[in-house]
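Enquirer: Below is the file work11.cif, which contains mmCIF, C-alpha atoms and all ligand atoms.
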```cif
data_my_file
loop_
_atom_site.label_atom_id
_atom_site.label_comp_id
_atom_site.auth_asym_id
_atom_site.auth_seq_id
_atom_site.Cartn_x
_atom_site.Cartn_y
_atom_site.Cartn_z
CA MET N 1 172.81 -161.31 -27.49
CA ALA N 2 171.04 -164.60 -26.90
CA SER N 3 172.63 -166.80 -24.28
CA VAL N 4 172.20 -170.34 -23.26
CA PRO N 5 170.09 -170.46 -20.05
CA LYS N 6 172.17 -171.53 -17.07
CA PRO N 7 170.94 -174.44 -14.99
CA GLY N 8 168.39 -173.19 -12.45
CA SER N 9 167.69 -169.94 -14.28
CA THR N 10 164.43 -169.20 -16.03
CA GLY N 11 165.59 -166.93 -18.83
CA PRO N 12 168.45 -165.17 -20.50
CA ASP N 13 169.03 -162.66 -17.62
CA PRO N 14 168.89 -164.58 -14.34
CA ALA N 15 168.70 -161.45 -12.16
CA SER N 16 165.78 -159.80 -13.91
CA ALA N 17 164.08 -163.16 -14.45
CA ARG N 18 164.25 -163.70 -10.70
CA GLN N 19 162.83 -160.24 -10.02
CA GLU N 20 159.97 -161.07 -12.33
CA PHE N 21 159.51 -164.41 -10.55
CA TYR N 22 159.44 -162.63 -7.15
CA ARG N 23 156.84 -160.13 -8.39
CA ARG N 24 154.57 -162.94 -9.53
CA MET N 25 154.75 -164.84 -6.24
CA ASP N 26 154.43 -161.58 -4.26
CA ARG N 27 150.85 -161.25 -5.49
CA ASP N 28 150.11 -164.56 -3.76
CA ASN N 29 151.75 -163.52 -0.45
CA LEU N 30 154.91 -165.49 -1.07
CA ALA N 31 158.53 -164.39 -0.74
CA PRO N 32 161.87 -166.13 -1.39
CA LEU N 33 163.74 -167.01 1.80
CA TRP N 34 167.17 -166.91 0.12
CA GLU N 35 166.95 -163.12 -0.31
CA VAL N 36 166.48 -162.54 3.44
CA LEU N 37 167.99 -165.57 5.16
CA HIS N 38 171.15 -163.71 6.22
CA ALA N 39 169.04 -161.12 8.08
CA LEU N 40 166.69 -163.68 9.63
CA VAL N 41 169.14 -166.14 11.14
CA LEU N 42 171.98 -164.17 12.68
CA PRO N 43 175.25 -165.49 14.05
CA GLN N 44 174.62 -163.41 17.19
CA PRO N 45 172.10 -160.81 18.42
CA GLN N 46 172.08 -157.60 16.36
CA SER N 47 169.45 -155.62 18.19
CA PRO N 48 167.97 -152.40 16.81
CA CYS N 49 167.68 -151.54 20.53
CA LYS N 50 170.39 -148.97 21.35
CA PRO N 51 172.12 -148.05 24.60
CA GLY N 52 170.07 -145.29 26.25
CA TYR N 53 170.37 -142.96 29.22
CA TRP N 54 167.88 -140.57 30.84
CA ASN N 55 169.14 -137.99 33.31
CA TYR N 56 166.38 -137.57 35.89
CA LYS N 57 167.27 -133.93 36.67
CA ALA N 58 166.95 -133.10 32.98
CA ILE N 59 163.63 -134.88 32.40
CA ARG N 60 161.91 -134.11 35.74
CA PRO N 61 160.57 -130.74 34.45
CA TYR N 62 158.64 -132.62 31.72
CA ILE N 63 157.19 -134.99 34.31
CA MET N 64 156.04 -132.06 36.45
CA GLU N 65 154.70 -130.28 33.37
CA ALA N 66 152.65 -133.39 32.61
CA GLY N 67 151.16 -132.84 36.09
CA ARG N 68 149.87 -129.47 34.92
CA ALA N 69 148.86 -130.64 31.44
CA ILE N 70 146.48 -133.45 32.48
CA SER N 71 145.06 -135.00 35.64
CA ALA N 72 145.93 -138.57 36.62
CA LYS N 73 142.26 -139.49 36.35
CA GLU N 74 141.82 -138.05 32.86
CA ALA N 75 145.07 -139.60 31.64
CA VAL N 76 144.15 -142.93 33.35
CA ARG N 77 147.91 -143.36 33.75
CA ARG N 78 149.92 -140.12 33.62
CA VAL N 79 153.17 -141.49 32.32
CA LEU N 80 156.04 -140.31 30.14
CA ILE N 81 157.27 -143.30 28.15
CA LEU N 82 161.03 -143.85 27.99
CA GLU N 83 161.47 -144.77 24.35
CA ASN N 84 164.61 -146.52 23.23
CA PRO N 85 166.50 -144.21 20.82
CA GLY N 86 166.68 -147.08 18.29
CA LEU N 87 162.97 -147.93 18.63
CA ARG N 88 161.25 -144.52 18.56
CA GLY N 89 157.49 -144.55 18.13
CA GLN N 90 157.14 -148.11 19.39
CA SER N 91 156.50 -147.28 23.08
CA CYS N 92 159.24 -149.58 24.28
CA ILE N 93 162.64 -149.37 25.97
CA THR N 94 163.77 -152.79 24.71
CA ARG N 95 162.17 -155.01 22.08
CA SER N 96 160.32 -156.94 24.79
CA LEU N 97 159.74 -154.36 27.54
CA TYR N 98 158.05 -151.07 28.17
CA CYS N 99 159.30 -148.41 30.60
CA GLY N 100 157.63 -145.23 31.80
CA LEU N 101 157.81 -142.70 34.61
CA GLN N 102 154.43 -142.23 36.26
CA LEU N 103 153.44 -139.16 38.30
CA ILE N 104 150.66 -138.95 40.84
CA LEU N 105 150.08 -135.66 42.67
CA PRO N 106 148.65 -135.25 46.18
CA GLY N 107 144.90 -135.88 46.18
CA GLU N 108 144.86 -137.69 42.83
CA ILE N 109 143.78 -141.19 41.86
CA ALA N 110 144.55 -143.31 38.79
CA PRO N 111 141.45 -145.44 38.11
CA SER N 112 141.21 -149.18 38.61
CA HIS N 113 141.71 -151.63 35.76
CA ARG N 114 143.30 -154.96 34.99
CA HIS N 115 145.16 -156.42 32.05
CA THR N 116 147.12 -159.50 31.04
CA GLN N 117 150.35 -157.49 30.96
CA SER N 118 152.44 -157.83 34.14
CA ALA N 119 153.74 -154.60 35.68
CA LEU N 120 156.42 -153.60 38.14
CA ARG N 121 156.91 -150.30 39.91
CA PHE N 122 160.19 -148.99 41.25
CA ILE N 123 159.66 -145.89 43.36
CA VAL N 124 161.91 -143.05 42.18
CA GLU N 125 160.79 -139.94 44.07
CA GLY N 126 158.42 -139.13 46.93
CA ALA N 127 156.47 -141.19 49.43
CA GLY N 128 152.90 -141.52 50.60
CA ALA N 129 151.15 -142.68 47.44
CA TYR N 130 149.71 -146.18 47.36
CA THR N 131 149.04 -148.84 44.82
CA ALA N 132 146.15 -151.24 45.41
CA VAL N 133 146.34 -154.81 44.11
CA ASN N 134 143.25 -157.04 44.40
CA GLY N 135 141.88 -155.39 47.52
CA GLU N 136 145.09 -154.53 49.40
CA ARG N 137 146.90 -151.21 49.41
CA THR N 138 150.61 -150.74 49.86
CA THR N 139 152.24 -147.40 50.63
CA MET N 140 155.16 -146.41 48.39
CA HIS N 141 158.60 -145.29 49.57
CA PRO N 142 161.64 -144.54 47.40
CA GLY N 143 163.35 -147.76 46.31
CA ASP N 144 160.37 -150.03 46.98
CA PHE N 145 159.79 -152.71 44.34
CA ILE N 146 156.09 -153.37 43.79
CA ILE N 147 154.45 -155.79 41.37
CA THR N 148 151.08 -155.88 39.70
CA PRO N 149 150.69 -159.48 38.51
CA ALA N 150 148.85 -160.17 35.27
CA TRP N 151 145.05 -159.82 35.48
CA THR N 152 144.99 -158.27 38.98
CA TRP N 153 142.82 -155.20 39.62
CA HIS N 154 145.02 -152.22 40.35
CA ASP N 155 144.66 -148.52 40.98
CA HIS N 156 146.94 -145.88 42.41
CA GLY N 157 146.26 -142.93 44.70
CA ASN N 158 148.14 -140.23 46.57
CA PRO N 159 146.62 -139.24 49.91
CA GLY N 160 150.01 -137.74 50.91
CA THR N 161 151.49 -134.28 50.58
CA GLU N 162 154.17 -134.63 47.88
CA PRO N 163 154.32 -135.67 44.22
CA VAL N 164 155.27 -139.32 43.80
CA VAL N 165 157.08 -140.61 40.73
CA TRP N 166 157.78 -144.24 39.97
CA MET N 167 159.20 -146.29 37.14
CA ASP N 168 156.68 -148.59 35.45
CA GLY N 169 158.09 -151.71 33.78
CA LEU N 170 155.63 -153.76 31.74
CA ASP N 171 155.84 -156.68 29.32
CA ILE N 172 153.57 -154.89 26.80
CA PRO N 173 155.66 -155.89 23.71
CA ILE N 174 155.70 -159.57 24.81
CA LEU N 175 151.91 -159.67 25.04
CA ALA N 176 151.73 -157.87 21.68
CA LEU N 177 154.09 -160.43 20.11
CA PHE N 178 151.78 -163.23 21.21
CA ASP N 179 148.59 -161.24 20.49
CA ALA N 180 147.42 -162.30 23.93
CA GLN N 181 146.26 -158.96 25.36
CA PHE N 182 143.09 -158.55 27.37
CA ALA N 183 142.13 -155.55 29.52
CA GLU N 184 139.09 -154.21 31.32
CA ASN N 185 138.12 -151.31 33.56
CA TYR N 186 136.78 -151.83 37.06
CA THR N 187 133.21 -150.69 37.70
CA ALA N 188 134.46 -147.92 40.03
CA ASP N 189 137.54 -145.66 39.93
CA VAL N 190 138.79 -146.95 43.26
CA GLN N 191 138.50 -150.64 44.13
CA PRO N 192 137.29 -151.55 47.63
CA VAL N 193 139.91 -152.35 50.26
CA THR N 194 139.30 -155.88 51.55
CA ARG N 195 142.52 -156.63 53.45
CA ASN N 196 144.68 -154.59 55.82
CA GLU N 197 147.87 -153.08 54.50
CA GLY N 198 150.70 -155.55 55.10
CA SER N 199 148.58 -158.74 55.06
CA SER N 200 150.29 -160.24 52.01
CA PHE N 201 153.71 -159.47 53.45
CA ALA N 202 152.70 -160.99 56.81
CA SER N 203 151.51 -164.17 55.07
CA TYR N 204 154.45 -164.66 52.71
CA GLY N 205 157.19 -162.08 53.31
CA ASN N 206 158.90 -163.24 56.51
CA ASN N 207 160.15 -166.73 55.60
CA LEU N 208 156.82 -168.07 56.84
CA ALA N 209 153.89 -169.30 54.79
CA PRO N 210 150.39 -170.49 55.61
CA LEU N 211 150.13 -174.29 56.05
CA ASP N 212 148.05 -174.59 52.92
CA PRO N 213 149.61 -171.83 50.88
CA VAL N 214 147.46 -170.76 47.99
CA ALA N 215 149.13 -168.90 45.15
CA PRO N 216 146.79 -165.91 44.97
CA PHE N 217 148.45 -164.55 41.81
CA GLY N 218 149.25 -167.84 40.05
CA LYS N 219 152.84 -167.88 38.79
CA ALA N 220 153.51 -164.40 40.22
CA SER N 221 154.68 -163.77 43.77
CA PRO N 222 152.05 -163.50 46.52
CA ILE N 223 154.07 -160.56 47.92
CA PHE N 224 153.39 -157.49 45.88
CA SER N 225 155.60 -155.05 47.74
CA TYR N 226 159.29 -155.59 48.48
CA PRO N 227 160.23 -152.64 50.73
CA TYR N 228 163.54 -150.92 49.98
CA ALA N 229 164.50 -150.97 53.68
CA ARG N 230 164.60 -154.80 53.54
CA SER N 231 166.49 -155.00 50.24
CA ARG N 232 169.02 -152.40 51.40
CA GLU N 233 169.62 -154.14 54.72
CA THR N 234 170.21 -157.43 52.89
CA LEU N 235 172.72 -155.87 50.49
CA ALA N 236 174.59 -154.22 53.36
CA ALA N 237 174.81 -157.55 55.21
CA LEU N 238 176.01 -159.37 52.06
CA ALA N 239 178.69 -156.75 51.52
CA LYS N 240 180.15 -157.52 54.95
CA ASN N 241 180.62 -161.13 53.90
CA GLY N 242 182.88 -162.20 51.09
CA ALA N 243 184.05 -160.52 47.92
CA PRO N 244 181.78 -158.90 45.34
CA ASP N 245 181.14 -160.71 42.06
CA PRO N 246 183.59 -159.21 39.50
CA CYS N 247 180.77 -158.41 37.04
CA HIS N 248 177.87 -157.57 39.35
CA GLY N 249 179.07 -156.57 42.81
CA TRP N 250 176.47 -158.03 45.18
CA LYS N 251 173.43 -158.72 43.04
CA MET N 252 170.20 -160.44 44.05
CA GLN N 253 166.90 -161.12 42.31
CA PHE N 254 163.41 -160.52 43.67
CA ILE N 255 161.75 -163.91 44.07
CA ASN N 256 158.40 -165.54 44.59
CA PRO N 257 158.80 -167.03 48.09
CA LEU N 258 156.38 -169.88 47.32
CA SER N 259 158.41 -171.22 44.39
CA GLY N 260 161.83 -169.57 44.51
CA ALA N 261 161.14 -168.45 40.93
CA PRO N 262 161.42 -164.84 39.78
CA ALA N 263 158.69 -162.59 41.22
CA MET N 264 156.87 -162.57 37.86
CA PRO N 265 157.00 -165.11 35.03
CA THR N 266 157.93 -162.70 32.22
CA ILE N 267 159.93 -159.95 33.94
CA GLY N 268 162.91 -160.46 36.24
CA ALA N 269 163.94 -157.75 38.71
CA PHE N 270 167.27 -157.35 40.44
CA ILE N 271 169.00 -155.18 42.99
CA GLN N 272 172.76 -154.83 43.34
CA LEU N 273 175.30 -153.05 45.49
CA LEU N 274 178.58 -151.82 44.06
CA PRO N 275 181.18 -150.86 46.65
CA LYS N 276 182.84 -147.45 46.44
CA GLY N 277 185.46 -147.41 43.68
CA PHE N 278 184.31 -150.78 42.21
CA ARG N 279 185.13 -151.39 38.53
CA SER N 280 183.31 -154.35 37.05
CA SER N 281 184.55 -156.77 34.42
CA PRO N 282 182.62 -156.47 31.16
CA TYR N 283 179.47 -158.56 31.02
CA ARG N 284 176.95 -159.35 28.32
CA SER N 285 173.71 -161.31 28.30
CA THR N 286 170.82 -161.83 25.91
CA ASP N 287 168.34 -160.05 28.19
CA SER N 288 168.36 -156.32 27.38
CA THR N 289 168.23 -154.70 30.82
CA VAL N 290 166.77 -151.47 32.20
CA TYR N 291 168.48 -149.89 35.22
CA SER N 292 167.27 -147.31 37.70
CA VAL N 293 169.86 -145.79 40.03
CA ALA N 294 168.69 -145.98 43.65
CA GLU N 295 171.85 -144.65 45.31
CA GLY N 296 175.30 -143.39 44.40
CA THR N 297 177.09 -142.01 41.38
CA GLY N 298 179.14 -143.85 38.81
CA LYS N 299 179.63 -144.64 35.16
CA VAL N 300 178.39 -147.31 32.82
CA LYS N 301 180.17 -148.21 29.60
CA ILE N 302 177.91 -149.96 27.09
CA ALA N 303 179.79 -151.14 23.97
CA ASN N 304 181.46 -147.86 22.90
CA GLU N 305 179.21 -145.45 24.76
CA GLU N 306 179.73 -144.16 28.29
CA PHE N 307 177.21 -142.51 30.59
CA ALA N 308 177.78 -140.95 34.02
CA PHE N 309 174.86 -141.65 36.34
CA GLN N 310 173.42 -140.35 39.58
CA PRO N 311 170.43 -141.30 41.71
CA ARG N 312 167.06 -141.57 39.89
CA ASP N 313 168.67 -141.81 36.43
CA THR N 314 167.68 -144.59 34.02
CA PHE N 315 169.84 -146.45 31.51
CA VAL N 316 169.32 -149.43 29.24
CA VAL N 317 171.83 -152.06 28.17
CA PRO N 318 170.75 -153.83 24.93
CA SER N 319 171.09 -157.56 24.40
CA TRP N 320 174.63 -158.83 23.90
CA HIS N 321 176.26 -155.41 24.40
CA ALA N 322 179.22 -155.61 26.78
CA ALA N 323 178.55 -153.43 29.81
CA SER N 324 180.99 -152.37 32.53
CA LEU N 325 180.03 -150.55 35.69
CA GLU N 326 182.15 -148.15 37.68
CA ALA N 327 181.08 -146.92 41.11
CA GLY N 328 182.20 -143.48 42.29
CA ASP N 329 180.73 -143.83 45.73
CA GLU N 330 178.77 -146.85 46.94
CA CYS N 331 175.96 -147.53 44.45
CA VAL N 332 172.66 -149.40 44.56
CA LEU N 333 171.15 -150.23 41.17
CA PHE N 334 167.71 -151.65 40.51
CA SER N 335 167.23 -153.41 37.16
CA TYR N 336 164.70 -155.45 35.21
CA SER N 337 164.70 -157.58 32.08
CA ASP N 338 162.87 -160.39 30.29
CA ARG N 339 165.27 -163.01 31.66
CA PRO N 340 162.58 -165.29 33.18
CA ALA N 341 160.82 -165.49 29.81
CA GLN N 342 164.08 -166.33 28.02
CA LEU N 343 165.03 -168.91 30.68
CA ALA N 344 161.62 -170.57 30.44
CA LEU N 345 162.15 -170.96 26.69
CA GLY N 346 165.76 -172.11 27.01
CA LEU N 347 167.12 -169.06 25.18
CA TRP N 348 169.09 -167.10 27.77
CA ARG N 349 172.87 -166.78 27.41
CA GLU N 350 175.52 -164.75 29.18
CA HIS N 351 179.20 -164.08 28.68
CA ARG N 352 181.65 -162.77 31.24
CA GLY N 353 184.73 -160.80 30.30
O1 LIG F 1 149.73 -148.72 36.00
O2 LIG F 1 148.40 -150.04 34.93
O3 LIG F 1 152.95 -147.14 32.58
O4 LIG F 1 148.43 -150.13 32.39
C1 LIG F 1 151.36 -148.31 31.31
C2 LIG F 1 150.21 -149.08 31.26
C3 LIG F 1 151.17 -148.16 33.69
C4 LIG F 1 149.35 -149.26 34.95
C5 LIG F 1 151.82 -147.87 32.52
C6 LIG F 1 149.54 -149.39 32.43
C7 LIG F 1 150.04 -148.93 33.66
#
```
Give the structure from this file in structure tokens form.

Expert:
Amino acid sequence: MASVPKPGSTGPDPASARQEFYRRMDRDNLAPLWEVLHALVLPQPQSPCKPGYWNYKAIRPYIMEAGRAISAKEAVRRVLILENPGLRGQSCITRSLYCGLQLILPGEIAPSHRHTQSALRFIVEGAGAYTAVNGERTTMHPGDFIITPAWTWHDHGNPGTEPVVWMDGLDIPILALFDAQFAENYTADVQPVTRNEGSSFASYGNNLAPLDPVAPFGKASPIFSYPYARSRETLAALAKNGAPDPCHGWKMQFINPLSGAPAMPTIGAFIQLLPKGFRSSPYRSTDSTVYSVAEGTGKVKIANEEFAFQPRDTFVVPSWHAASLEAGDECVLFSYSDRPAQLALGLWREHRG
């Protein structure tokens, strides 16, 4: 039956006429916004990133098996990637961040390279391995927070007697988003040591700075190791003074002492103490956050999911998911997120309660 074309339509059947219109423009790499607008501009975050939890006891056998399957040198970095259950196959734990657990066995080295991605290490198990950053080595202990600023030469080695496992956090998806990746290998597997261990910390890590401080790593902190002993002592002192924050307990961020800014420009890192029996108020923020449990047992509720955690476990809280923490005994949690990047762009939001 012939019908009078309606205003704005191009034929008798508006729906099929539109489909035909879309097919024609599709050949010229065009698409109609009105078909996808609702999915492009959302009233609030609707991340495909899901809550995730990795029990260290359960996954440790795979990490040790990786130690038998390939050498650190052959692998370059012998790492099991923690993939977000909602983002499988994309090598990421959130949409903006990568997370992996790296193993280095006694006597091994992981060869020197540099890249424009920034990296952090949080030591999960074992001591005695080192990471070298632009000519200075730092020895790893459980709970240490170590950074590898963008474009710094870095290699890892284990002259000690026990396997060492650490969490790697990198901004790989951010660099991919901007198509701004560069990387190169050093001319030797192990870079030369040019400064004594502890020199960076002596220059910048004791509330003192040289009279003409240079920023050796640009926007990133000139301290590349933040020892756990210091962080832990600070948290213990804070907990003797005043009440814990209802959402976070006592929570601090790792900073660049030259600027007061976060230790790296794209990735923020935090450490918090929850007193025994603490139950937090729900909290949400736009920075999806990865947690590693340094001490204590407890529970985290993320939207409708609940996970019990113990030391060395990892969990991830996606953007704008309400999270509540419950401490069985006293807990120390390390965490990292893309908060500095969001803050720099004026995007970061939080909501308490
Ligand atoms: O140590 O340089 O987990 O380049 C992934 C990529 C670690 C590293 C990772 C890397 C590194």

Enquirer: Can you work out the spacing between CA of Leu42 (chain N) and CA of Leu343 (chain N) in Å, to one decimal?

Expert: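 It comes out at 19.9 Å.
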
Enquirer: For ligand LIG 1 (chain F), collect every residue having any atom at a distance of at most 10 Å from a ligand atom (counting only C-alpha atoms and all ligand atoms); output as a PyMOL selection string.

Expert: chain N and resi 76-82+91+98-103+110-121+131+148+152-156+166-172+183

Enquirer: Which distance in Å separates CA of Ser96 (chain N) and CA of His321 (chain N), to one decimal?

Expert: 16.0 Å

Enquirer: Using all atoms listed in the file, collect all residues at a distance of at most 12 Å from (162.1, -136.7, 37.3) as written in the file, then present them as a ChimeraX atom specification.

Expert: /N:54-67,79-80,82,100-103,123-126,163-167,292,311-314

Enquirer: Choose the residue, out of N:Tyr130, N:Tyr336, N:Phe122, N:Phe145, that has the smallest atom-to-atom separation from Thr266 (chain N); count only C-alpha atoms.

Expert: N:Tyr336

Enquirer: Could you jot down the CA of Ala236 (chain N) to CA of Gly249 (chain N) separation for me, Å, one decimal place?

Expert: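 Calculated distance between CA of Ala236 (chain N) and CA of Gly249 (chain N) is 11.7 Å.
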
Enquirer: If we count only C-alpha atoms, what is near Thr138 (chain N) at a cut-off of 10 Å, once residues fewer than 4 positions away on the same chain are taken out, given as a VMD selection string?

Expert: chain N and resid 128 to 133 146 156 196 to 201 224 to 225 227

Enquirer: May I ask which of the residues N:Pro149, N:Gly89, N:Pro265, N:Gly298 is the closest one to Phe217 (chain N), counting all atoms listed in the file?

Expert: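 Closest residue, counting all atoms listed in the file: N:Pro149.
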
Enquirer: Is there a way to get, as a PyMOL selection string, all residues within 12 Å of the point (167.5, -152.4, 13.8) in file coordinates, counting only C-alpha atoms?

Expert: chain N and resi 39+45-50+84-88+94-95+318
